[in-house]
Amino acid sequence: MSAHAAHADHHSDHEHGHGHGHDDHHHHDPGFWKKYVFSTDHKTIGIQYGLTAMAFLAFGFYLMMVMRWSIAYPHRPLPEWMAWIFTDTWKARWLVDGKVTGETYNMFGAMHGTIMVFLGIVPLGFGAFGNYVTPLQIGAVDMAFPKLNMTSYWLYLLGGLTMCLSFFMESGAAKSGWTNYSPLAGFADGQIVNQWLAGQTQWLIGLVLLISSSLLGSVNFVTTIINLRARGMTWMRMPFFVWAMLVTGFLLLLAFPPLEAAGIMQLMDRVSHSSFFMPSGLFSKSEGLADLSGGGSPLLFQHLFWFLGHPEVYVLLLPAIACVAEIIPVNTRRPLWGYKAMVYGVMTLGFLSFIVWAHHMYLTGMGPVVSTFFQTTTVLISIPSVILLTSMIISLWGGSIRFTPAMIWACAFLPMFGIGGLTGLPLAFNLVDLHLHDTYYVIGHFHYVVAPGILFGLFAGVYHWYPKITGKHMSKFLAHLHFWPSLICMNLIFFPMLTQGMAGFHRRWYNGGDAYMPSGEGSTNVFSLIVEKHIDLNILMSMAAWAMALAQLPFVINLFGSLFFGRKVENDNPYDATTLEWATPTPPGHGNFLTEPSVYRGPYEYSRPDCEDDYLPQWEEPKREAGAVPAASELPGQASTHPSAH
Amino acid sequence: MAGDSPEAIKKAVRLYLLIGAVLFGGTLLTVAVAMVPWLDFGQHGFDTADLCIGLAIATVKATLVALIFMHLNHERRLVYWLFGFGLVAAFFLVALIGLAKWDPIHYNGFKTGVPGSEHVVPFKENR
Amino acid sequence: MEIPYIFTPRKDTGLVNSKIAIWLFLASEVMLFGGFFSAYIFLRLGADYPWPERTLPVLPGLINTFVLIGSSVTVIFAWMSLKLRKWRQFQIFMAITVVCAGIFMVLKGIEYNVKFHHQAVRLKDYAILEGHLGFELKEGVHVGHGEQPKEEDFALNHHGKKIEEDTINYSTSEVSFNTVRYHHDWVEEIIAHAEAGGTAVTLKEDVVMGKGEQVKVDKDGNTEPATTPLSRADNFAKGSALSMKLLERITELHKDARAHNADLRITAFRKAWTVADENSSGKTDRQLAPDVKIDESQLDLHHEQPAIAFTVAPETVFHFRPRDIQENGSPATLRDGTALTGKLEESPMVFHYVDALDFRYLALKVRQKLGVDEHSDAADGAIEKAIEESWVMAKNPELKEIWEKQQKAVGLLAAELAAHKRVPTEKDKYRINWQEMAYYATTPLADIKIDAGKYVMPHVDTQPKEQFFGPNYEGRAEQHAFPHLEIPREQVAFASKFAPAWNTYYAIYFTMTGLHGLHVIGGALVLAYYLFFGKKMYLSNPEWLANRVEVGGLFWHFVDLVWIFLFPILYLM
């Protein structure tokens, strides 16, 4: 333990010793607004992303709670405990006698998907964790373009608010699914004359803003990772987290623009009455034959949408895997198993994700050749995913596991994501997908991946890095109170969906299948009988969903309460981790590192036989003893350009 | 621009002007092939020959702009990789959408059955 | 704290941050325009109408191409000047670049403007006519054939603008507004139109909103003073004049009533369900639902007024844009839910000048009906017949004459092409563009001939200005180059300006060139910024400015690159 104490002393030197030198570079205090609101510091921006994303996640969660009421109790008015938040005017417009109408359900469903995917998970995973941790882990002072970073956040906030404020308009928010297919979504809203005020149009404008935000962010990330790595940080010494962020950056960079093109075209369809996605002969009940030229193709929108849509799900996934891949080595005191395979795997995953998208379109009338192509690539892409998952599972083997809250969430991520991934495999096959497409099976599959999967991984990240960000530990008790009910509820909500879906339950039924219930005794309609057997599951699932809401309260209390009441961290590296973010003061100041870090070894040097401690940080200078790692850095002769170098 | 001797600069200027002239010429050639009737390689009017020649000339012009005007011919390899990913992804986007269009399910034409709409989806037999 | 590698390249990658960033950005731009190009291919291959090949005038596009290529060269020279530390030279070359961008946008603006004022219509028999619409003349003004009306002859709407002769004229005796959805501007128009014509638009019946102390609102919109405090109740008298204030007040009260009623009903339903649960004895919600009812008489519901009806006296003809009104129902409805009771009047679409006639779509439909492939000529006879029977030919002798001349010219062209084993194209046979129309209109049948060796249909020469601004209608009107035509509304299937709405070709054309134009503007702004505000940076760190200009120049070259593809694809194919 003496070596450990020596390390602690070493760190405390950092804390007290060079503080003044650091301050010499700052002669002025930027003031409240520049420091906390319009900050260009990646850490502040990361926290902004994180808090905003969590707020959006909570909003999206609430929408789902109302949807689940409609599914479980389609005949009953919303109860007071759920409806108190709505004004009477809003209720009069959207609820008929308090019941959730089909239109309202669709609106909530479309926005739930949009908010969770675009405004919740991606900003939390990529925007929050990526921004905060990446420059720290590569030893940089900040992102390559701090002002662009700030712009990126504000565009995100603006886009998100644009989308959500449409809830309060007379026409309501977008209602055509998060996938926003034309012709439904491209048709001018019959409720209002000025199409710019329609929720669908606002959704598209919000999307353009979000895509711009993404674009700036991804350029920033990739440039930073390529060019701002510390001395000695070669590609293969980067933590897996950074690799995952690099691939995510590329996915966002290259996959979003076709959706932007499609969004612009759909916007043109709505406001200038073009027919990009409107086929000839469109007929609506209110207008008769549509006053459009026709000649367009709804399929075109689907292709362009899913060209983004598929890489998007990997954008959702990779930050979560990144977090888990960092947490596991720290808490097992073993290196990450198969690091190289994981790196090549994630790069392959990124490449393949661009050529699988039409597996979302198996029912659009594609012929056998193109279906087979996409089926093949989709099955192939499961291989790198499995490599990633298996490597992380094997990393647990033989480890000295510390069940910190972060580790518990990370361990839960593994089987939950496993279930999600495995349930996706049948959907990869054209023939099976014919039966399962647009059923609850699909909902069960992707929610397993995102909700108990990705979200658990991101929660793990919050618990893991909270001490570095704030200098306080989160409460373990509250963490367990958050974790166990969440885990149980998640499974209660989503597992029955798989059986419902296989039985034929459809997506986007606002009354939970009630419309298909047998009308009387002795009904022989097979569909009705299937629905009858599975419809009662809806009540259990909805109860679990509402209980989930309660289970998140300990998290909120923990998150903000620990700032004031949490146990203070004992030193800058409370977990005895090896990656560079733990070499900073706590919390890291402007410029992150007190002296420019140099990297001498890989990121997961735990339990080395030749080392007294069970960990060897990346930044620690090698001891000049026999058998030690050579001292020369990978970049001989490079002059340090770090400002703190004297 | 290391090694900026007057001759090197003169050479560079000449090269840029030459490429500019080539671009002008290529444009005129494309227009001529499209508009001048006795340059109809296929049949009178627009056909695939016009398309191929036009796109080929455009590709050559684009390559010249990229390589010489945008200095790609003496840029680091990393830049090739970065931009190349975009080109590869764009290729797959266009190619696979084209593939999907080329290989649809075949079915008989159907009437939408809606009053006032005479739209009949035709059944194309020329596969 | 400074970010490293802003000015000096990093040793192992050899690049500065901005260089990496711009190439990444350009990769994403490739994907953006790639998305649009794949849309173009998809739309063209999937078009169920004849794709307009080579219909755009080439000269503006060609000049724009030269302008952009030239600016690409000058932007490199600007960068080189910076590297050679020649500030003046940099300024000159950069200024030329920015001016070129300006020329590009001006030409583009002219192109767009001409198209947005050019009208197209597809008739029910799939004949297509293009031209310029007339403007409504004042009551009682007549203009002789071939003469031009004077500016003061035109009628103006209440905004002071001329009215295009493409309106639906609806003689209205009653108008009923949807309380929640009515469109502010349209109500204003009805009010203004009625005022100008001395028509009275008044409330059809008393409207009583809310409960409590009644406060009377008289015909002029004045409220009688109340003796007791107002409790959100208004009584609008029958015969009150239509005004925005009146409508807004009723809307406000209606929404309040709606909210109030919703709250009461929801509470009542919740109670009813609680009661039903207690007595339910194991029934499911579904079985219980039909019996769960509320007694509305027990609730203090306020009056809702979802529609507000007004009488129009005397019956007045209102004009609406075709897109805004569904005139075939009874009552006619506007897009904001307003219902009009009355009669549809004659609402022809009047072309002041018809400058093109296009039967290719009609030909395609005939072939489809007969199951004939588009490359075979088996249906040619049937197509000729269908054209002769179309409304345009049957009802318009002037256009029929022009068509006969065109048929003669086609025959001559076919004979000339046959020697080279070619045939006339669809466009030659079935489309008369403006140059050809002007030729036919001004040439007797006997004088129709083909220029030898040119292999094109006979046409008048396009004046240089006409390449940019379209045909000189007034100038050519003296020779009666372009016929006048009144099309009855029943014949119109779909009409639009040459805008994205007209067909998918124009949709993709405007979208792609528009987006490209935005990129031109953006790039020009960045370059202009360095031109005007770069001196300070130049004096402190010229290499930094050179880097920035290089990055801007790379973006500019990309913009040029995209145009290199756009021009042939949209203009020449």
# chains A, B, ... in the order shown; residues from 1 in each chain; ligands from 1
$ interface_residues --of "chain B" --to "chain C" --cutoff "8 Å" --atoms "only C-alpha atoms" --output "PDB file with N, CA and C atoms, in the first residue's frame"
ATOM      1  N   MET B   1       3.958  26.873 -49.841  1.00  0.00           N
ATOM      2  CA  MET B   1       4.680  26.867 -51.105  1.00  0.00           C
ATOM      3  C   MET B   1       6.172  27.046 -50.880  1.00  0.00           C
ATOM      4  N   VAL B  13       1.628  29.431 -61.971  1.00  0.00           N
ATOM      5  CA  VAL B  13       0.626  30.316 -62.583  1.00  0.00           C
ATOM      6  C   VAL B  13       0.220  29.795 -63.938  1.00  0.00           C
ATOM      7  N   TYR B  16      -2.069  26.772 -63.587  1.00  0.00           N
ATOM      8  CA  TYR B  16      -3.446  27.106 -63.214  1.00  0.00           C
ATOM      9  C   TYR B  16      -4.214  27.686 -64.393  1.00  0.00           C
ATOM     10  N   LEU B  17      -3.549  28.564 -65.136  1.00  0.00           N
ATOM     11  CA  LEU B  17      -4.222  29.154 -66.291  1.00  0.00           C
ATOM     12  C   LEU B  17      -4.532  28.083 -67.328  1.00  0.00           C
ATOM     13  N   GLY B  20      -7.426  26.127 -66.147  1.00  0.00           N
ATOM     14  CA  GLY B  20      -8.617  26.951 -66.339  1.00  0.00           C
ATOM     15  C   GLY B  20      -9.103  26.888 -67.769  1.00  0.00           C
ATOM     16  N   LEU B  23     -10.734  23.670 -68.511  1.00  0.00           N
ATOM     17  CA  LEU B  23     -12.093  23.626 -67.959  1.00  0.00           C
ATOM     18  C   LEU B  23     -13.075  24.373 -68.870  1.00  0.00           C
ATOM     19  N   PHE B  24     -12.648  25.537 -69.333  1.00  0.00           N
ATOM     20  CA  PHE B  24     -13.487  26.292 -70.279  1.00  0.00           C
ATOM     21  C   PHE B  24     -13.781  25.435 -71.503  1.00  0.00           C
ATOM     22  N   THR B  27     -16.166  22.609 -70.956  1.00  0.00           N
ATOM     23  CA  THR B  27     -17.552  23.077 -70.886  1.00  0.00           C
ATOM     24  C   THR B  27     -18.129  23.274 -72.276  1.00  0.00           C
ATOM     25  N   THR B  30     -18.866  20.015 -73.889  1.00  0.00           N
ATOM     26  CA  THR B  30     -20.089  19.382 -73.378  1.00  0.00           C
ATOM     27  C   THR B  30     -21.325  20.013 -74.011  1.00  0.00           C
ATOM     28  N   VAL B  31     -21.313  21.350 -74.094  1.00  0.00           N
ATOM     29  CA  VAL B  31     -22.468  22.032 -74.691  1.00  0.00           C
ATOM     30  C   VAL B  31     -22.597  21.665 -76.158  1.00  0.00           C
ATOM     31  N   ALA B  34     -24.060  18.375 -76.687  1.00  0.00           N
ATOM     32  CA  ALA B  34     -25.487  18.363 -76.367  1.00  0.00           C
ATOM     33  C   ALA B  34     -26.323  19.075 -77.423  1.00  0.00           C
ATOM     34  N   MET B  35     -25.817  20.204 -77.933  1.00  0.00           N
ATOM     35  CA  MET B  35     -26.690  21.071 -78.727  1.00  0.00           C
ATOM     36  C   MET B  35     -26.484  20.956 -80.234  1.00  0.00           C
ATOM     37  N   PRO B  37     -26.396  19.387 -83.646  1.00  0.00           N
ATOM     38  CA  PRO B  37     -27.008  18.139 -84.141  1.00  0.00           C
ATOM     39  C   PRO B  37     -26.025  17.174 -84.799  1.00  0.00           C
ATOM     40  N   GLN B  43     -28.569   8.876 -81.420  1.00  0.00           N
ATOM     41  CA  GLN B  43     -29.623   9.245 -82.366  1.00  0.00           C
ATOM     42  C   GLN B  43     -29.901  10.720 -82.203  1.00  0.00           C
ATOM     43  N   HIS B  44     -30.741  11.217 -83.043  1.00  0.00           N
ATOM     44  CA  HIS B  44     -31.133  12.614 -82.992  1.00  0.00           C
ATOM     45  C   HIS B  44     -31.791  12.914 -81.655  1.00  0.00           C
ATOM     46  N   GLY B  45     -31.278  13.911 -80.955  1.00  0.00           N
ATOM     47  CA  GLY B  45     -31.860  14.229 -79.650  1.00  0.00           C
ATOM     48  C   GLY B  45     -31.061  13.608 -78.502  1.00  0.00           C
ATOM     49  N   PHE B  46     -31.620  13.625 -77.349  1.00  0.00           N
ATOM     50  CA  PHE B  46     -30.913  13.177 -76.157  1.00  0.00           C
ATOM     51  C   PHE B  46     -30.939  11.654 -76.051  1.00  0.00           C
ATOM     52  N   ASP B  50     -25.040  10.939 -75.192  1.00  0.00           N
ATOM     53  CA  ASP B  50     -24.904  12.297 -74.673  1.00  0.00           C
ATOM     54  C   ASP B  50     -24.641  12.273 -73.178  1.00  0.00           C
ATOM     55  N   LEU B  51     -25.388  11.419 -72.484  1.00  0.00           N
ATOM     56  CA  LEU B  51     -25.264  11.339 -71.038  1.00  0.00           C
ATOM     57  C   LEU B  51     -23.863  10.908 -70.635  1.00  0.00           C
ATOM     58  N   GLY B  54     -21.203  13.572 -71.500  1.00  0.00           N
ATOM     59  CA  GLY B  54     -21.337  14.725 -70.614  1.00  0.00           C
ATOM     60  C   GLY B  54     -20.796  14.427 -69.227  1.00  0.00           C
ATOM     61  N   LEU B  55     -21.190  13.278 -68.669  1.00  0.00           N
ATOM     62  CA  LEU B  55     -20.739  12.927 -67.325  1.00  0.00           C
ATOM     63  C   LEU B  55     -19.239  12.651 -67.296  1.00  0.00           C
ATOM     64  N   ALA B  58     -17.497  15.920 -67.331  1.00  0.00           N
ATOM     65  CA  ALA B  58     -17.671  16.555 -66.020  1.00  0.00           C
ATOM     66  C   ALA B  58     -16.751  15.913 -64.988  1.00  0.00           C
ATOM     67  N   THR B  59     -16.635  14.578 -65.042  1.00  0.00           N
ATOM     68  CA  THR B  59     -15.770  13.894 -64.071  1.00  0.00           C
ATOM     69  C   THR B  59     -14.318  14.301 -64.250  1.00  0.00           C
ATOM     70  N   LYS B  61     -13.222  17.124 -65.525  1.00  0.00           N
ATOM     71  CA  LYS B  61     -13.088  18.492 -65.024  1.00  0.00           C
ATOM     72  C   LYS B  61     -13.030  18.519 -63.499  1.00  0.00           C
ATOM     73  N   ALA B  62     -13.904  17.745 -62.872  1.00  0.00           N
ATOM     74  CA  ALA B  62     -13.938  17.724 -61.410  1.00  0.00           C
ATOM     75  C   ALA B  62     -12.620  17.208 -60.853  1.00  0.00           C
ATOM     76  N   VAL B  65     -10.017  19.903 -61.074  1.00  0.00           N
ATOM     77  CA  VAL B  65     -10.208  20.914 -60.041  1.00  0.00           C
ATOM     78  C   VAL B  65      -9.727  20.376 -58.692  1.00  0.00           C
ATOM     79  N   ALA B  66     -10.104  19.143 -58.405  1.00  0.00           N
ATOM     80  CA  ALA B  66      -9.752  18.577 -57.098  1.00  0.00           C
ATOM     81  C   ALA B  66      -8.241  18.395 -56.968  1.00  0.00           C
ATOM     82  N   PHE B  69      -6.398  22.448 -58.512  1.00  0.00           N
ATOM     83  CA  PHE B  69      -6.822  23.666 -57.842  1.00  0.00           C
ATOM     84  C   PHE B  69      -6.869  23.469 -56.331  1.00  0.00           C
ATOM     85  N   MET B  70      -7.315  22.283 -55.906  1.00  0.00           N
ATOM     86  CA  MET B  70      -7.447  22.044 -54.476  1.00  0.00           C
ATOM     87  C   MET B  70      -6.214  21.370 -53.899  1.00  0.00           C
ATOM     88  N   ARG B  76      -1.273  15.606 -47.985  1.00  0.00           N
ATOM     89  CA  ARG B  76      -0.931  14.417 -47.200  1.00  0.00           C
ATOM     90  C   ARG B  76      -1.927  13.304 -47.450  1.00  0.00           C
ATOM     91  N   LEU B  78      -3.372  11.424 -45.394  1.00  0.00           N
ATOM     92  CA  LEU B  78      -4.488  11.422 -44.450  1.00  0.00           C
ATOM     93  C   LEU B  78      -5.696  12.126 -45.053  1.00  0.00           C
ATOM     94  N   VAL B  79      -5.420  13.218 -45.776  1.00  0.00           N
ATOM     95  CA  VAL B  79      -6.511  13.967 -46.384  1.00  0.00           C
ATOM     96  C   VAL B  79      -7.238  13.114 -47.412  1.00  0.00           C
ATOM     97  N   LEU B  82      -9.601  10.986 -45.495  1.00  0.00           N
ATOM     98  CA  LEU B  82     -10.756  11.706 -44.947  1.00  0.00           C
ATOM     99  C   LEU B  82     -11.777  12.005 -46.035  1.00  0.00           C
ATOM    100  N   PHE B  83     -11.287  12.561 -47.143  1.00  0.00           N
ATOM    101  CA  PHE B  83     -12.218  12.903 -48.217  1.00  0.00           C
ATOM    102  C   PHE B  83     -12.720  11.642 -48.904  1.00  0.00           C
ATOM    103  N   GLY B  84     -11.815  10.645 -48.956  1.00  0.00           N
ATOM    104  CA  GLY B  84     -12.169   9.407 -49.641  1.00  0.00           C
ATOM    105  C   GLY B  84     -13.350   8.703 -48.994  1.00  0.00           C
ATOM    106  N   PHE B  85     -13.410   8.749 -47.642  1.00  0.00           N
ATOM    107  CA  PHE B  85     -14.562   8.134 -46.983  1.00  0.00           C
ATOM    108  C   PHE B  85     -15.854   8.727 -47.518  1.00  0.00           C
ATOM    109  N   GLY B  86     -15.820  10.056 -47.712  1.00  0.00           N
ATOM    110  CA  GLY B  86     -17.030  10.711 -48.217  1.00  0.00           C
ATOM    111  C   GLY B  86     -17.388  10.207 -49.604  1.00  0.00           C
ATOM    112  N   LEU B  87     -16.372  10.111 -50.469  1.00  0.00           N
ATOM    113  CA  LEU B  87     -16.649   9.648 -51.831  1.00  0.00           C
ATOM    114  C   LEU B  87     -17.179   8.224 -51.824  1.00  0.00           C
ATOM    115  N   ALA B  89     -18.727   6.642 -49.380  1.00  0.00           N
ATOM    116  CA  ALA B  89     -20.095   6.624 -48.838  1.00  0.00           C
ATOM    117  C   ALA B  89     -21.071   7.141 -49.880  1.00  0.00           C
ATOM    118  N   ALA B  90     -20.700   8.203 -50.603  1.00  0.00           N
ATOM    119  CA  ALA B  90     -21.595   8.746 -51.629  1.00  0.00           C
ATOM    120  C   ALA B  90     -21.812   7.717 -52.729  1.00  0.00           C
ATOM    121  N   LEU B  93     -24.285   5.264 -51.505  1.00  0.00           N
ATOM    122  CA  LEU B  93     -25.630   5.843 -51.460  1.00  0.00           C
ATOM    123  C   LEU B  93     -26.275   5.770 -52.829  1.00  0.00           C
ATOM    124  N   VAL B  94     -25.557   6.282 -53.830  1.00  0.00           N
ATOM    125  CA  VAL B  94     -26.131   6.344 -55.167  1.00  0.00           C
ATOM    126  C   VAL B  94     -26.300   4.941 -55.741  1.00  0.00           C
ATOM    127  N   ILE B  97     -29.128   2.832 -53.973  1.00  0.00           N
ATOM    128  CA  ILE B  97     -30.458   3.319 -54.316  1.00  0.00           C
ATOM    129  C   ILE B  97     -30.782   2.927 -55.748  1.00  0.00           C
ATOM    130  N   GLY B  98     -29.779   3.041 -56.613  1.00  0.00           N
ATOM    131  CA  GLY B  98     -29.987   2.617 -57.993  1.00  0.00           C
ATOM    132  C   GLY B  98     -30.303   1.138 -58.078  1.00  0.00           C
ATOM    133  N   LYS B 101     -33.824   0.505 -57.096  1.00  0.00           N
ATOM    134  CA  LYS B 101     -34.761   0.899 -58.149  1.00  0.00           C
ATOM    135  C   LYS B 101     -34.763  -0.124 -59.284  1.00  0.00           C
ATOM    136  N   PRO B 122     -48.679   1.199 -64.281  1.00  0.00           N
ATOM    137  CA  PRO B 122     -48.433   0.318 -65.431  1.00  0.00           C
ATOM    138  C   PRO B 122     -47.543  -0.849 -65.048  1.00  0.00           C
TER     139      PRO B 122
END
$ interface_residues --of "chain C" --to "chain A" --cutoff "7 Å" --atoms "only C-alpha atoms" --output "PyMOL selection string"
chain C and resi 1-4+10+17+20-21+24-25+28+31-32+35-36+39+42-43+47-49+181+183+255+258-260+262-263+265-266+269-270+285+289+326+335-336+494+500-504+507
$ residues_around --residues "Phe351 in chain C" --least-positions-apart "6" --cutoff "12 Å" --atoms "only C-alpha atoms" --output "PyMOL selection string"
chain C and resi 118-121+129-136+164-166+482-488
$ interface_residues --of "chain A" --to "chain B" --cutoff "6 Å" --atoms "only C-alpha atoms" --output "list of chain:residue names"
A:Gly281, A:Gly365, A:Met366, A:Gly367, A:Val370
$ atom_distance --atom1 "CA of Gly337 in chain C" --atom2 "CA of Pro314 in chain C"
22.9 Å
$ residues_around --residues "Leu301 in chain C" --least-positions-apart "3" --cutoff "8 Å" --atoms "only C-alpha atoms" --output "ChimeraX atom specification"
/C:257,260-261,264,296
$ write_last_selection --atoms "N, CA and C atoms" --output "PDB file, in the first residue's frame"
ATOM      1  N   ALA C 257     -64.683  28.644 -23.374  1.00  0.00           N
ATOM      2  CA  ALA C 257     -65.800  27.725 -23.131  1.00  0.00           C
ATOM      3  C   ALA C 257     -65.354  26.295 -23.356  1.00  0.00           C
ATOM      4  N   HIS C 260     -63.235  25.209 -20.465  1.00  0.00           N
ATOM      5  CA  HIS C 260     -64.081  25.046 -19.284  1.00  0.00           C
ATOM      6  C   HIS C 260     -64.887  23.753 -19.381  1.00  0.00           C
ATOM      7  N   ASN C 261     -65.487  23.536 -20.545  1.00  0.00           N
ATOM      8  CA  ASN C 261     -66.317  22.342 -20.721  1.00  0.00           C
ATOM      9  C   ASN C 261     -65.476  21.073 -20.650  1.00  0.00           C
ATOM     10  N   LEU C 264     -64.772  20.158 -17.101  1.00  0.00           N
ATOM     11  CA  LEU C 264     -65.921  19.594 -16.411  1.00  0.00           C
ATOM     12  C   LEU C 264     -66.204  18.178 -16.882  1.00  0.00           C
ATOM     13  N   GLU C 296     -74.932  15.415 -19.036  1.00  0.00           N
ATOM     14  CA  GLU C 296     -74.432  16.753 -19.337  1.00  0.00           C
ATOM     15  C   GLU C 296     -75.310  17.849 -18.738  1.00  0.00           C
TER      16      GLU C 296
END
$ decode --residues "range 12-28 of chain C" --atoms "N, CA and C atoms" --output "PDB file, in the first residue's frame"
ATOM      1  N   ASP C  12       3.420  14.546 -37.086  1.00  0.00           N
ATOM      2  CA  ASP C  12       3.153  13.223 -37.666  1.00  0.00           C
ATOM      3  C   ASP C  12       2.038  13.253 -38.714  1.00  0.00           C
ATOM      4  N   THR C  13       1.018  14.086 -38.490  1.00  0.00           N
ATOM      5  CA  THR C  13      -0.017  14.151 -39.527  1.00  0.00           C
ATOM      6  C   THR C  13       0.362  15.136 -40.623  1.00  0.00           C
ATOM      7  N   GLY C  14       1.210  16.108 -40.289  1.00  0.00           N
ATOM      8  CA  GLY C  14       1.644  17.091 -41.273  1.00  0.00           C
ATOM      9  C   GLY C  14       0.589  18.118 -41.625  1.00  0.00           C
ATOM     10  N   LEU C  15      -0.442  18.219 -40.793  1.00  0.00           N
ATOM     11  CA  LEU C  15      -1.567  19.090 -41.157  1.00  0.00           C
ATOM     12  C   LEU C  15      -1.905  20.040 -40.016  1.00  0.00           C
ATOM     13  N   VAL C  16      -2.461  21.210 -40.396  1.00  0.00           N
ATOM     14  CA  VAL C  16      -3.034  22.090 -39.385  1.00  0.00           C
ATOM     15  C   VAL C  16      -4.491  21.676 -39.165  1.00  0.00           C
ATOM     16  N   ASN C  17      -5.056  22.101 -38.024  1.00  0.00           N
ATOM     17  CA  ASN C  17      -6.416  21.685 -37.686  1.00  0.00           C
ATOM     18  C   ASN C  17      -7.422  22.075 -38.761  1.00  0.00           C
ATOM     19  N   SER C  18      -7.286  23.304 -39.277  1.00  0.00           N
ATOM     20  CA  SER C  18      -8.315  23.773 -40.205  1.00  0.00           C
ATOM     21  C   SER C  18      -8.308  22.982 -41.503  1.00  0.00           C
ATOM     22  N   LYS C  19      -7.149  22.500 -41.898  1.00  0.00           N
ATOM     23  CA  LYS C  19      -7.087  21.714 -43.135  1.00  0.00           C
ATOM     24  C   LYS C  19      -7.862  20.423 -42.975  1.00  0.00           C
ATOM     25  N   ILE C  20      -7.640  19.740 -41.840  1.00  0.00           N
ATOM     26  CA  ILE C  20      -8.386  18.507 -41.577  1.00  0.00           C
ATOM     27  C   ILE C  20      -9.875  18.811 -41.558  1.00  0.00           C
ATOM     28  N   ALA C  21     -10.211  19.891 -40.854  1.00  0.00           N
ATOM     29  CA  ALA C  21     -11.632  20.212 -40.683  1.00  0.00           C
ATOM     30  C   ALA C  21     -12.297  20.492 -42.013  1.00  0.00           C
ATOM     31  N   ILE C  22     -11.661  21.245 -42.891  1.00  0.00           N
ATOM     32  CA  ILE C  22     -12.328  21.594 -44.150  1.00  0.00           C
ATOM     33  C   ILE C  22     -12.508  20.375 -45.026  1.00  0.00           C
ATOM     34  N   TRP C  23     -11.534  19.463 -45.037  1.00  0.00           N
ATOM     35  CA  TRP C  23     -11.712  18.275 -45.862  1.00  0.00           C
ATOM     36  C   TRP C  23     -12.801  17.372 -45.294  1.00  0.00           C
ATOM     37  N   LEU C  24     -12.918  17.302 -43.959  1.00  0.00           N
ATOM     38  CA  LEU C  24     -14.028  16.553 -43.378  1.00  0.00           C
ATOM     39  C   LEU C  24     -15.349  17.191 -43.760  1.00  0.00           C
ATOM     40  N   PHE C  25     -15.391  18.517 -43.676  1.00  0.00           N
ATOM     41  CA  PHE C  25     -16.618  19.222 -44.033  1.00  0.00           C
ATOM     42  C   PHE C  25     -16.961  18.977 -45.493  1.00  0.00           C
ATOM     43  N   LEU C  26     -15.949  19.018 -46.357  1.00  0.00           N
ATOM     44  CA  LEU C  26     -16.217  18.782 -47.776  1.00  0.00           C
ATOM     45  C   LEU C  26     -16.713  17.360 -48.001  1.00  0.00           C
ATOM     46  N   ALA C  27     -16.198  16.407 -47.212  1.00  0.00           N
ATOM     47  CA  ALA C  27     -16.711  15.045 -47.338  1.00  0.00           C
ATOM     48  C   ALA C  27     -18.200  15.017 -47.014  1.00  0.00           C
ATOM     49  N   SER C  28     -18.600  15.764 -45.987  1.00  0.00           N
ATOM     50  CA  SER C  28     -20.029  15.768 -45.661  1.00  0.00           C
ATOM     51  C   SER C  28     -20.827  16.493 -46.739  1.00  0.00           C
TER      52      SER C  28
END
